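Visitor: Dropping the structure in here first, questions after.
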Amino acid sequence: MSERGPATAPSKDSSTTNPSPLTTPPLTAARRTGLLVTFVLGGLTALPPLSMDMYLPALPAVTTALNSPAATIQLTLTACLAGMALGQLVIGPMSDKWGRRRPLLIGMVVYVLATATCAFAPSAELLIGFRLLQGLAGAAAIVIARAVVRDLYDGVEMARFFSTLMLISGVAPIIAPLIGGQILRFADWRGVFVVLTVVGTALTFLVWQRLGETLPPERRQTGGVGAALLTMRGLFADRVFAGYTLAGGFAFAALFAYISASPFVVQEIYGASPQTFSLLFGVNSIGLIAVGQVNGKLLVGRVSMDKVLAYGLAVITAASVALLLMTAGVFGEVGLFAICAGLFVLMSAMGLVLPNTNAQALMRAPHAAGSASALLGTSSFLVGAIASPLVGIAGEDTAIPMALVQTTCSLLAILCFTALCRPWRPTTPHPTQP
């Protein structure tokens, strides 16, 4: 295991030191990502929440229409998430070898076809299968978008750009449930997938027209599957990279426990309508965006990213414990407002955690941004896929499993951060990886 400090630089924070030529991406001098390209990258990172959140208000309707239990229908979320996790393991190394553009375009085309097929699924089992394919193809969007950012940016600027992407992609969780709720006024749940197909087609066209190649041939990886596996093994052998990756993954799992359980908690237990749920979900997403912008515009570069990350993890844990106590009846009968307040705090604090774990981990892997991005995404999505069915294990009449999963995941995130990253220790140089 390596000591603390970026694997290719002698300093943890590039805002205080000049990165060496080996640590600075080749396109640093050409970081002028136009506004449209920035929105394209934001759209790519928004594709997973669009695929998930627009579908959330329809979950109870899908349960009824396909005559399946809630736990089975929640597997449609799990399948999409698992597909995105596994797909990143393949597409990330592919983008390191063949460049970013070609794998991204292929993945987007398959995503559009798979999403259109979901609209015609006659049974829950087939819908689960189509959602798995949708996730496998959609993985190209998120893993390559992160790799492109790593190609163009470094250090504090990378963390700031991730916060900018959070502003753009954060609009998706706000408008997606609202759109989904409105679609249900005029169509059944299949209409949600029709709209997603249109969105995917438009984004594919923009990628084809506006997003150029950011990984020049001289920086591409050579070798086949074996070389890719060795690269990933080397990344996870780096204790600090593993710490940031796992901490971000468990934090994302706490977030996904909220995403997968909240439609049933808010609508079935507390009696809110699909439109009210969509509104509350949007308010929580606004909190995440606002805190993410505070992180990128005010904190990054002025406060250590590790300090900000530690504070964010502490707030997430406190909110999760409060939700667990409320749902367990420790404070007596609580209403929808109290539950939503706890969820708002938890969701907002993610704006301090997710951008900084991504940036800190990717700063350690300029030589294999695609593989590093794949490991970041795969760990998050796999842990989230495991958390999804657990939140409904006790049925639709209790919110305790959701809060329990969130508390467990937040505590594990703190454990990984403190035990592996060891933020209190001084930075030590590490030999440059090939």
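Just so we're on the same page: first chain in the structure tokens is A, next is B, and so on; residues restart at 1 for each chain, and ligands are numbered from 1 in the order they show up.
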Please identify all polymer residues within 8 Å of A:Thr63, counting only C-alpha atoms, omitting same-chain residues fewer than 6 positions from it, and present them as an MDAnalysis selection string.
Guide: chainID A and resid 69:70 73
Visitor: Fewer than 6 positions away in the same chain doesn't count, so skip those; otherwise give me all residues within 12 Å of A:Leu44, counting only C-alpha atoms, as a VMD selection string.
Guide: chain A and resid 37 to 38 50 to 51 104 to 105 107 to 108 111 138 to 149 165 to 166 168 to 170 172 199 to 200 202 to 204 206 to 207 211
Visitor: Write out the residues from the selection above, keeping N, CA and C atoms, as an mmCIF file, in the first residue's frame.
Guide:
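Printed below is part.cif as written:
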```cif
data_model
loop_
_atom_site.group_PDB
_atom_site.id
_atom_site.type_symbol
_atom_site.label_atom_id
_atom_site.label_comp_id
_atom_site.auth_asym_id
_atom_site.auth_seq_id
_atom_site.Cartn_x
_atom_site.Cartn_y
_atom_site.Cartn_z
ATOM 1 N N VAL A 37 -19.859 22.704 -24.400
ATOM 2 C CA VAL A 37 -19.173 21.479 -24.012
ATOM 3 C C VAL A 37 -19.357 21.205 -22.522
ATOM 4 N N THR A 38 -19.321 22.265 -21.711
ATOM 5 C CA THR A 38 -19.565 22.105 -20.277
ATOM 6 C C THR A 38 -20.960 21.546 -20.028
ATOM 7 N N LEU A 50 -31.215 11.081 -14.332
ATOM 8 C CA LEU A 50 -32.381 11.136 -15.212
ATOM 9 C C LEU A 50 -33.002 9.749 -15.366
ATOM 10 N N SER A 51 -32.151 8.755 -15.580
ATOM 11 C CA SER A 51 -32.643 7.393 -15.766
ATOM 12 C C SER A 51 -33.319 6.862 -14.512
ATOM 13 N N LEU A 104 -17.745 6.362 -26.059
ATOM 14 C CA LEU A 104 -18.889 7.140 -25.585
ATOM 15 C C LEU A 104 -20.035 7.108 -26.588
ATOM 16 N N LEU A 105 -19.736 7.303 -27.850
ATOM 17 C CA LEU A 105 -20.795 7.308 -28.862
ATOM 18 C C LEU A 105 -21.463 5.935 -28.976
ATOM 19 N N GLY A 107 -21.704 3.652 -26.623
ATOM 20 C CA GLY A 107 -22.519 3.458 -25.434
ATOM 21 C C GLY A 107 -23.819 4.244 -25.483
ATOM 22 N N MET A 108 -23.768 5.474 -25.986
ATOM 23 C CA MET A 108 -24.975 6.296 -26.036
ATOM 24 C C MET A 108 -26.001 5.731 -27.009
ATOM 25 N N TYR A 111 -27.619 2.842 -25.353
ATOM 26 C CA TYR A 111 -28.503 3.334 -24.289
ATOM 27 C C TYR A 111 -29.852 3.751 -24.857
ATOM 28 N N GLY A 138 -25.473 2.989 -20.470
ATOM 29 C CA GLY A 138 -25.408 4.331 -19.892
ATOM 30 C C GLY A 138 -24.161 4.568 -19.068
ATOM 31 N N ALA A 139 -23.466 3.484 -18.688
ATOM 32 C CA ALA A 139 -22.220 3.637 -17.929
ATOM 33 C C ALA A 139 -21.201 4.460 -18.699
ATOM 34 N N ALA A 140 -21.259 4.404 -20.027
ATOM 35 C CA ALA A 140 -20.294 5.166 -20.826
ATOM 36 C C ALA A 140 -20.376 6.650 -20.535
ATOM 37 N N ALA A 141 -21.574 7.149 -20.287
ATOM 38 C CA ALA A 141 -21.743 8.590 -20.075
ATOM 39 C C ALA A 141 -21.010 9.055 -18.831
ATOM 40 N N ILE A 142 -21.248 8.394 -17.717
ATOM 41 C CA ILE A 142 -20.706 8.901 -16.461
ATOM 42 C C ILE A 142 -19.213 8.643 -16.338
ATOM 43 N N VAL A 143 -18.747 7.459 -16.777
ATOM 44 C CA VAL A 143 -17.327 7.146 -16.594
ATOM 45 C C VAL A 143 -16.461 7.987 -17.527
ATOM 46 N N ILE A 144 -16.897 8.204 -18.741
ATOM 47 C CA ILE A 144 -16.088 8.969 -19.683
ATOM 48 C C ILE A 144 -16.172 10.460 -19.381
ATOM 49 N N ALA A 145 -17.313 10.937 -18.891
ATOM 50 C CA ALA A 145 -17.404 12.356 -18.503
ATOM 51 C C ALA A 145 -16.381 12.677 -17.417
ATOM 52 N N ARG A 146 -16.255 11.800 -16.411
ATOM 53 C CA ARG A 146 -15.250 12.031 -15.360
ATOM 54 C C ARG A 146 -13.842 11.972 -15.935
ATOM 55 N N ALA A 147 -13.587 11.027 -16.835
ATOM 56 C CA ALA A 147 -12.253 10.907 -17.430
ATOM 57 C C ALA A 147 -11.915 12.140 -18.265
ATOM 58 N N VAL A 148 -12.888 12.685 -18.980
ATOM 59 C CA VAL A 148 -12.655 13.898 -19.762
ATOM 60 C C VAL A 148 -12.273 15.059 -18.852
ATOM 61 N N VAL A 149 -12.967 15.187 -17.722
ATOM 62 C CA VAL A 149 -12.625 16.239 -16.759
ATOM 63 C C VAL A 149 -11.191 16.059 -16.274
ATOM 64 N N LEU A 165 -20.134 20.929 -12.595
ATOM 65 C CA LEU A 165 -20.940 19.862 -13.181
ATOM 66 C C LEU A 165 -22.099 19.484 -12.271
ATOM 67 N N MET A 166 -21.863 19.547 -10.949
ATOM 68 C CA MET A 166 -22.947 19.239 -10.015
ATOM 69 C C MET A 166 -24.077 20.243 -10.149
ATOM 70 N N ILE A 168 -24.928 21.716 -12.960
ATOM 71 C CA ILE A 168 -25.659 21.386 -14.188
ATOM 72 C C ILE A 168 -26.404 20.071 -14.031
ATOM 73 N N SER A 169 -25.662 19.034 -13.627
ATOM 74 C CA SER A 169 -26.294 17.719 -13.505
ATOM 75 C C SER A 169 -27.270 17.674 -12.343
ATOM 76 N N GLY A 170 -27.086 18.576 -11.358
ATOM 77 C CA GLY A 170 -28.014 18.592 -10.232
ATOM 78 C C GLY A 170 -29.411 19.057 -10.596
ATOM 79 N N ALA A 172 -30.994 17.805 -12.936
ATOM 80 C CA ALA A 172 -31.703 16.580 -13.336
ATOM 81 C C ALA A 172 -32.540 15.992 -12.211
ATOM 82 N N VAL A 199 -34.532 12.192 -24.720
ATOM 83 C CA VAL A 199 -33.402 12.877 -24.074
ATOM 84 C C VAL A 199 -32.070 12.229 -24.467
ATOM 85 N N GLY A 200 -32.027 10.891 -24.447
ATOM 86 C CA GLY A 200 -30.802 10.202 -24.824
ATOM 87 C C GLY A 200 -30.405 10.453 -26.259
ATOM 88 N N ALA A 202 -31.099 13.182 -28.066
ATOM 89 C CA ALA A 202 -30.590 14.552 -28.171
ATOM 90 C C ALA A 202 -29.167 14.655 -27.631
ATOM 91 N N LEU A 203 -28.898 13.987 -26.499
ATOM 92 C CA LEU A 203 -27.565 14.045 -25.911
ATOM 93 C C LEU A 203 -26.539 13.344 -26.796
ATOM 94 N N THR A 204 -26.940 12.241 -27.437
ATOM 95 C CA THR A 204 -26.033 11.543 -28.359
ATOM 96 C C THR A 204 -25.663 12.439 -29.533
ATOM 97 N N LEU A 206 -25.550 15.736 -29.539
ATOM 98 C CA LEU A 206 -24.653 16.782 -29.066
ATOM 99 C C LEU A 206 -23.229 16.260 -28.863
ATOM 100 N N VAL A 207 -23.117 15.043 -28.345
ATOM 101 C CA VAL A 207 -21.794 14.448 -28.184
ATOM 102 C C VAL A 207 -21.116 14.293 -29.542
ATOM 103 N N LEU A 211 -18.446 17.300 -28.807
ATOM 104 C CA LEU A 211 -17.434 16.831 -27.865
ATOM 105 C C LEU A 211 -16.302 16.156 -28.630
#
```
Visitor: Any idea what's packed within 9 Å of stretch 311-317 of chain A, counting only C-alpha atoms, ignoring anything in its chain fewer than 5 positions away? Could you give it as number ranges by chain?
Guide: A: 247, 251, 254, 306, 322, 345-353, 406-411, 413-414
Visitor: Please provide as a list in words all residues within 8 Å of A:Asp53, with the sequence filter that same-chain residues fewer than 5 positions apart are discarded (counting only C-alpha atoms).
Guide: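 Non-adjacent residues within range: Pro173, Ala176, Pro177, Gly180 and Ile259 of chain A.
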Visitor: Produce a file of the selected residues containing N, CA and C atoms, as a PDB file, in the first residue's frame.
Guide:
```pdb
ATOM      1  N   PRO A 173     -31.993  15.829 -10.980  1.00  0.00           N
ATOM      2  CA  PRO A 173     -32.850  15.299  -9.915  1.00  0.00           C
ATOM      3  C   PRO A 173     -34.014  16.210  -9.560  1.00  0.00           C
ATOM      4  N   ALA A 176     -36.378  15.884 -13.043  1.00  0.00           N
ATOM      5  CA  ALA A 176     -36.750  14.538 -13.480  1.00  0.00           C
ATOM      6  C   ALA A 176     -38.001  14.018 -12.779  1.00  0.00           C
ATOM      7  N   PRO A 177     -38.096  14.046 -11.428  1.00  0.00           N
ATOM      8  CA  PRO A 177     -39.336  13.584 -10.798  1.00  0.00           C
ATOM      9  C   PRO A 177     -40.537  14.467 -11.144  1.00  0.00           C
ATOM     10  N   GLY A 180     -41.510  13.317 -14.471  1.00  0.00           N
ATOM     11  CA  GLY A 180     -42.142  12.012 -14.323  1.00  0.00           C
ATOM     12  C   GLY A 180     -43.543  12.100 -13.760  1.00  0.00           C
ATOM     13  N   ILE A 259     -33.015   7.500  -2.584  1.00  0.00           N
ATOM     14  CA  ILE A 259     -33.635   7.543  -3.904  1.00  0.00           C
ATOM     15  C   ILE A 259     -34.600   6.379  -4.100  1.00  0.00           C
TER      16      ILE A 259
END
```
Visitor: Pick the closest to A:Val405 from A:Gly384, A:Gly248, A:Pro423, A:Gly87: which is it, counting only C-alpha atoms?
Guide: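 Answer, going by the shortest atom-to-atom distance: A:Gly384.
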Visitor: Excluding A:Ala261 and any residue of its chain fewer than 3 positions from it, enumerate the residues within 8 Å of it, using only C-alpha atoms, and give them as a PyMOL selection string.
Guide: chain A and resi 257-258+264-265+388+391-392+399+402
Visitor: Quick one: residues within 12 Å of A:Ala242, only C-alpha atoms counted, chain neighbours fewer than 2 positions away excluded, as a ChimeraX atom specification?
Guide: /A:1-4,232-240,244-249,357-358,360-362,364-365,372,375-376,379,413,416-422
Visitor: Any chance you could list, as number ranges by chain, the residues in stretch 258-423 of chain A that come up alpha helix (DSSP H) when DSSP is run on the backbone?
Guide: A: 258-264, 274-294, 305-327, 336-362, 369-390, 400-416
Visitor: Near A:Pro274, counting only C-alpha atoms, which residues have an atom at most 12 Å away, once you skip same-chain residues fewer than 2 positions from it, shown as a ChimeraX atom specification?
Guide: /A:54-61,177-185,262-268,270-272,276-281
Visitor: Would you save the residues from that selection as a tab-separated table (two decimals), in the first residue's frame, using N, CA and C atoms?
Guide:
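Contents of the output file selection26.tsv:
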```tsv
chain	number	residue	atom	x	y	z
A	54	MET	N	-36.56	10.18	-12.97
A	54	MET	CA	-37.78	10.39	-13.74
A	54	MET	C	-38.74	9.21	-13.58
A	55	TYR	N	-38.17	8.07	-13.25
A	55	TYR	CA	-38.93	6.83	-13.12
A	55	TYR	C	-39.51	6.65	-11.71
A	56	LEU	N	-38.98	7.41	-10.73
A	56	LEU	CA	-39.37	7.18	-9.33
A	56	LEU	C	-40.86	7.38	-9.05
A	57	PRO	N	-41.48	8.48	-9.52
A	57	PRO	CA	-42.91	8.64	-9.21
A	57	PRO	C	-43.78	7.53	-9.80
A	58	ALA	N	-43.26	6.80	-10.79
A	58	ALA	CA	-44.03	5.74	-11.44
A	58	ALA	C	-43.90	4.40	-10.74
A	59	LEU	N	-43.02	4.27	-9.74
A	59	LEU	CA	-42.80	2.96	-9.12
A	59	LEU	C	-44.08	2.33	-8.58
A	60	PRO	N	-44.88	3.06	-7.80
A	60	PRO	CA	-46.14	2.43	-7.35
A	60	PRO	C	-47.05	2.02	-8.51
A	61	ALA	N	-47.08	2.84	-9.58
A	61	ALA	CA	-47.91	2.50	-10.74
A	61	ALA	C	-47.38	1.27	-11.46
A	177	PRO	N	-38.10	14.05	-11.43
A	177	PRO	CA	-39.34	13.58	-10.80
A	177	PRO	C	-40.54	14.47	-11.14
A	178	LEU	N	-40.28	15.77	-11.30
A	178	LEU	CA	-41.38	16.66	-11.69
A	178	LEU	C	-41.91	16.28	-13.07
A	179	ILE	N	-40.98	16.03	-14.01
A	179	ILE	CA	-41.40	15.59	-15.34
A	179	ILE	C	-42.10	14.24	-15.26
A	180	GLY	N	-41.51	13.32	-14.47
A	180	GLY	CA	-42.14	12.01	-14.32
A	180	GLY	C	-43.54	12.10	-13.76
A	181	GLY	N	-43.73	12.96	-12.73
A	181	GLY	CA	-45.06	13.12	-12.16
A	181	GLY	C	-46.05	13.70	-13.15
A	182	GLN	N	-45.58	14.65	-13.98
A	182	GLN	CA	-46.48	15.24	-14.97
A	182	GLN	C	-46.80	14.27	-16.10
A	183	ILE	N	-45.81	13.44	-16.47
A	183	ILE	CA	-46.06	12.44	-17.50
A	183	ILE	C	-47.18	11.50	-17.06
A	184	LEU	N	-47.20	11.17	-15.77
A	184	LEU	CA	-48.22	10.25	-15.26
A	184	LEU	C	-49.62	10.85	-15.30
A	185	ARG	N	-49.70	12.16	-15.47
A	185	ARG	CA	-51.02	12.78	-15.64
A	185	ARG	C	-51.62	12.48	-17.00
A	262	SER	N	-37.60	6.53	-1.02
A	262	SER	CA	-38.44	7.70	-0.78
A	262	SER	C	-39.79	7.67	-1.51
A	263	PRO	N	-39.91	7.10	-2.73
A	263	PRO	CA	-41.25	7.07	-3.33
A	263	PRO	C	-42.26	6.34	-2.46
A	264	PHE	N	-41.86	5.24	-1.84
A	264	PHE	CA	-42.77	4.48	-0.99
A	264	PHE	C	-42.94	5.13	0.38
A	265	VAL	N	-41.85	5.67	0.92
A	265	VAL	CA	-41.93	6.32	2.23
A	265	VAL	C	-42.84	7.53	2.16
A	266	VAL	N	-42.62	8.40	1.19
A	266	VAL	CA	-43.37	9.65	1.11
A	266	VAL	C	-44.80	9.42	0.63
A	267	GLN	N	-44.98	8.53	-0.36
A	267	GLN	CA	-46.31	8.36	-0.95
A	267	GLN	C	-47.15	7.32	-0.21
A	268	GLU	N	-46.57	6.17	0.10
A	268	GLU	CA	-47.35	5.09	0.68
A	268	GLU	C	-47.51	5.23	2.20
A	270	TYR	N	-46.70	8.15	4.16
A	270	TYR	CA	-47.15	9.47	4.60
A	270	TYR	C	-48.22	10.07	3.69
A	271	GLY	N	-48.65	9.33	2.66
A	271	GLY	CA	-49.83	9.70	1.90
A	271	GLY	C	-49.68	10.85	0.94
A	272	ALA	N	-48.48	11.19	0.53
A	272	ALA	CA	-48.29	12.29	-0.41
A	272	ALA	C	-48.62	11.82	-1.83
A	276	THR	N	-46.65	15.86	-5.15
A	276	THR	CA	-46.02	16.35	-3.92
A	276	THR	C	-44.67	15.71	-3.70
A	277	PHE	N	-44.58	14.41	-3.95
A	277	PHE	CA	-43.29	13.74	-3.83
A	277	PHE	C	-42.27	14.36	-4.77
A	278	SER	N	-42.67	14.63	-6.01
A	278	SER	CA	-41.76	15.22	-6.97
A	278	SER	C	-41.27	16.59	-6.49
A	279	LEU	N	-42.18	17.37	-5.90
A	279	LEU	CA	-41.81	18.69	-5.39
A	279	LEU	C	-40.80	18.58	-4.25
A	280	LEU	N	-41.07	17.67	-3.31
A	280	LEU	CA	-40.16	17.48	-2.19
A	280	LEU	C	-38.79	16.96	-2.66
A	281	PHE	N	-38.81	16.07	-3.61
A	281	PHE	CA	-37.55	15.56	-4.17
A	281	PHE	C	-36.77	16.69	-4.82
```
Visitor: Using only C-alpha atoms, which of A:Gly135, A:Gly370, A:Gly329, A:Gly296 sits nearest A:Arg219?
Guide: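 Ranked by minimum distance to A:Arg219, first place goes to A:Gly370.
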Visitor: Can I get the residues of stretch 184-216 of chain A within 12 Å of stretch 124-134 of chain A, each with the closest pair of atoms and their distance in Å to one decimal, using only C-alpha atoms, sorted chain first then ascending number, as JSON lines?
Guide:
```
{"residue": "A:Trp189", "atom": "CA", "partner": "A:Leu127", "partner_atom": "CA", "distance": 11.9}
{"residue": "A:Arg190", "atom": "CA", "partner": "A:Leu127", "partner_atom": "CA", "distance": 10.7}
{"residue": "A:Phe193", "atom": "CA", "partner": "A:Arg131", "partner_atom": "CA", "distance": 10.5}
{"residue": "A:Leu196", "atom": "CA", "partner": "A:Gln134", "partner_atom": "CA", "distance": 10.9}
{"residue": "A:Thr197", "atom": "CA", "partner": "A:Gln134", "partner_atom": "CA", "distance": 10.7}
{"residue": "A:Gly200", "atom": "CA", "partner": "A:Gln134", "partner_atom": "CA", "distance": 10.9}
```
Visitor: Could you dump the residues just selected with all heavy atoms as a PDB file, in the first residue's frame?
Guide:
```pdb
ATOM      1  N   TRP A 189     -46.818   4.643 -17.049  1.00  0.00           N
ATOM      2  CA  TRP A 189     -45.390   4.634 -16.729  1.00  0.00           C
ATOM      3  C   TRP A 189     -44.509   4.441 -17.956  1.00  0.00           C
ATOM      4  O   TRP A 189     -43.348   4.844 -17.969  1.00  0.00           O
ATOM      5  CB  TRP A 189     -45.094   3.540 -15.702  1.00  0.00           C
ATOM      6  CG  TRP A 189     -45.417   2.143 -16.177  1.00  0.00           C
ATOM      7  CD1 TRP A 189     -46.599   1.492 -16.056  1.00  0.00           C
ATOM      8  CD2 TRP A 189     -44.525   1.247 -16.849  1.00  0.00           C
ATOM      9  NE1 TRP A 189     -46.526   0.238 -16.608  1.00  0.00           N
ATOM     10  CE2 TRP A 189     -45.253   0.052 -17.100  1.00  0.00           C
ATOM     11  CE3 TRP A 189     -43.204   1.311 -17.247  1.00  0.00           C
ATOM     12  CZ2 TRP A 189     -44.687  -1.047 -17.740  1.00  0.00           C
ATOM     13  CZ3 TRP A 189     -42.633   0.218 -17.892  1.00  0.00           C
ATOM     14  CH2 TRP A 189     -43.376  -0.947 -18.132  1.00  0.00           C
ATOM     15  N   ARG A 190     -45.052   3.839 -19.017  1.00  0.00           N
ATOM     16  CA  ARG A 190     -44.244   3.625 -20.226  1.00  0.00           C
ATOM     17  C   ARG A 190     -43.858   4.943 -20.895  1.00  0.00           C
ATOM     18  O   ARG A 190     -42.831   5.029 -21.583  1.00  0.00           O
ATOM     19  CB  ARG A 190     -44.996   2.729 -21.204  1.00  0.00           C
ATOM     20  CG  ARG A 190     -45.334   1.359 -20.618  1.00  0.00           C
ATOM     21  CD  ARG A 190     -46.106   0.491 -21.595  1.00  0.00           C
ATOM     22  NE  ARG A 190     -46.614  -0.716 -20.939  1.00  0.00           N
ATOM     23  CZ  ARG A 190     -45.908  -1.833 -20.773  1.00  0.00           C
ATOM     24  NH1 ARG A 190     -44.665  -1.875 -21.244  1.00  0.00           N
ATOM     25  NH2 ARG A 190     -46.426  -2.881 -20.170  1.00  0.00           N
ATOM     26  N   PHE A 193     -40.299   6.244 -20.203  1.00  0.00           N
ATOM     27  CA  PHE A 193     -39.186   5.727 -20.995  1.00  0.00           C
ATOM     28  C   PHE A 193     -39.166   6.323 -22.396  1.00  0.00           C
ATOM     29  O   PHE A 193     -38.110   6.437 -23.019  1.00  0.00           O
ATOM     30  CB  PHE A 193     -39.245   4.205 -21.052  1.00  0.00           C
ATOM     31  CG  PHE A 193     -38.900   3.556 -19.744  1.00  0.00           C
ATOM     32  CD1 PHE A 193     -39.888   3.002 -18.950  1.00  0.00           C
ATOM     33  CD2 PHE A 193     -37.590   3.526 -19.294  1.00  0.00           C
ATOM     34  CE1 PHE A 193     -39.581   2.414 -17.736  1.00  0.00           C
ATOM     35  CE2 PHE A 193     -37.273   2.935 -18.084  1.00  0.00           C
ATOM     36  CZ  PHE A 193     -38.268   2.382 -17.302  1.00  0.00           C
ATOM     37  N   LEU A 196     -37.332   9.530 -21.874  1.00  0.00           N
ATOM     38  CA  LEU A 196     -35.907   9.250 -21.686  1.00  0.00           C
ATOM     39  C   LEU A 196     -35.226   8.910 -23.012  1.00  0.00           C
ATOM     40  O   LEU A 196     -34.055   9.257 -23.218  1.00  0.00           O
ATOM     41  CB  LEU A 196     -35.726   8.099 -20.698  1.00  0.00           C
ATOM     42  CG  LEU A 196     -35.864   8.435 -19.221  1.00  0.00           C
ATOM     43  CD1 LEU A 196     -35.831   7.169 -18.379  1.00  0.00           C
ATOM     44  CD2 LEU A 196     -34.765   9.391 -18.777  1.00  0.00           C
ATOM     45  N   THR A 197     -35.954   8.239 -23.899  1.00  0.00           N
ATOM     46  CA  THR A 197     -35.390   7.928 -25.210  1.00  0.00           C
ATOM     47  C   THR A 197     -35.108   9.201 -25.999  1.00  0.00           C
ATOM     48  O   THR A 197     -34.059   9.331 -26.646  1.00  0.00           O
ATOM     49  CB  THR A 197     -36.357   7.024 -26.001  1.00  0.00           C
ATOM     50  OG1 THR A 197     -36.603   5.825 -25.258  1.00  0.00           O
ATOM     51  CG2 THR A 197     -35.794   6.674 -27.357  1.00  0.00           C
ATOM     52  N   GLY A 200     -32.027  10.891 -24.447  1.00  0.00           N
ATOM     53  CA  GLY A 200     -30.802  10.202 -24.824  1.00  0.00           C
ATOM     54  C   GLY A 200     -30.405  10.453 -26.259  1.00  0.00           C
ATOM     55  O   GLY A 200     -29.217  10.607 -26.575  1.00  0.00           O
TER      56      GLY A 200
END
```
Visitor: So which one's closest to A:Ser123, A:Gly243, A:Asn295, A:Thr76, A:Leu152? Using only C-alpha atoms, please.
Guide: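 Checking each candidate against A:Ser123, we get A:Thr76 as the closest.
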Visitor: So the first atom is atom CA of A:Ala65 and the second is atom CA of A:Thr327; what is the distance between them in Å, to one decimal place?
Guide: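 Taking atom CA of A:Ala65 as the start and atom CA of A:Thr327 as the end point, the length is 29.3 Å.
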Visitor: So how many Å separate atom CA of A:Ser320 and atom CA of A:Val62, to one decimal?
Guide: 28.6 Å
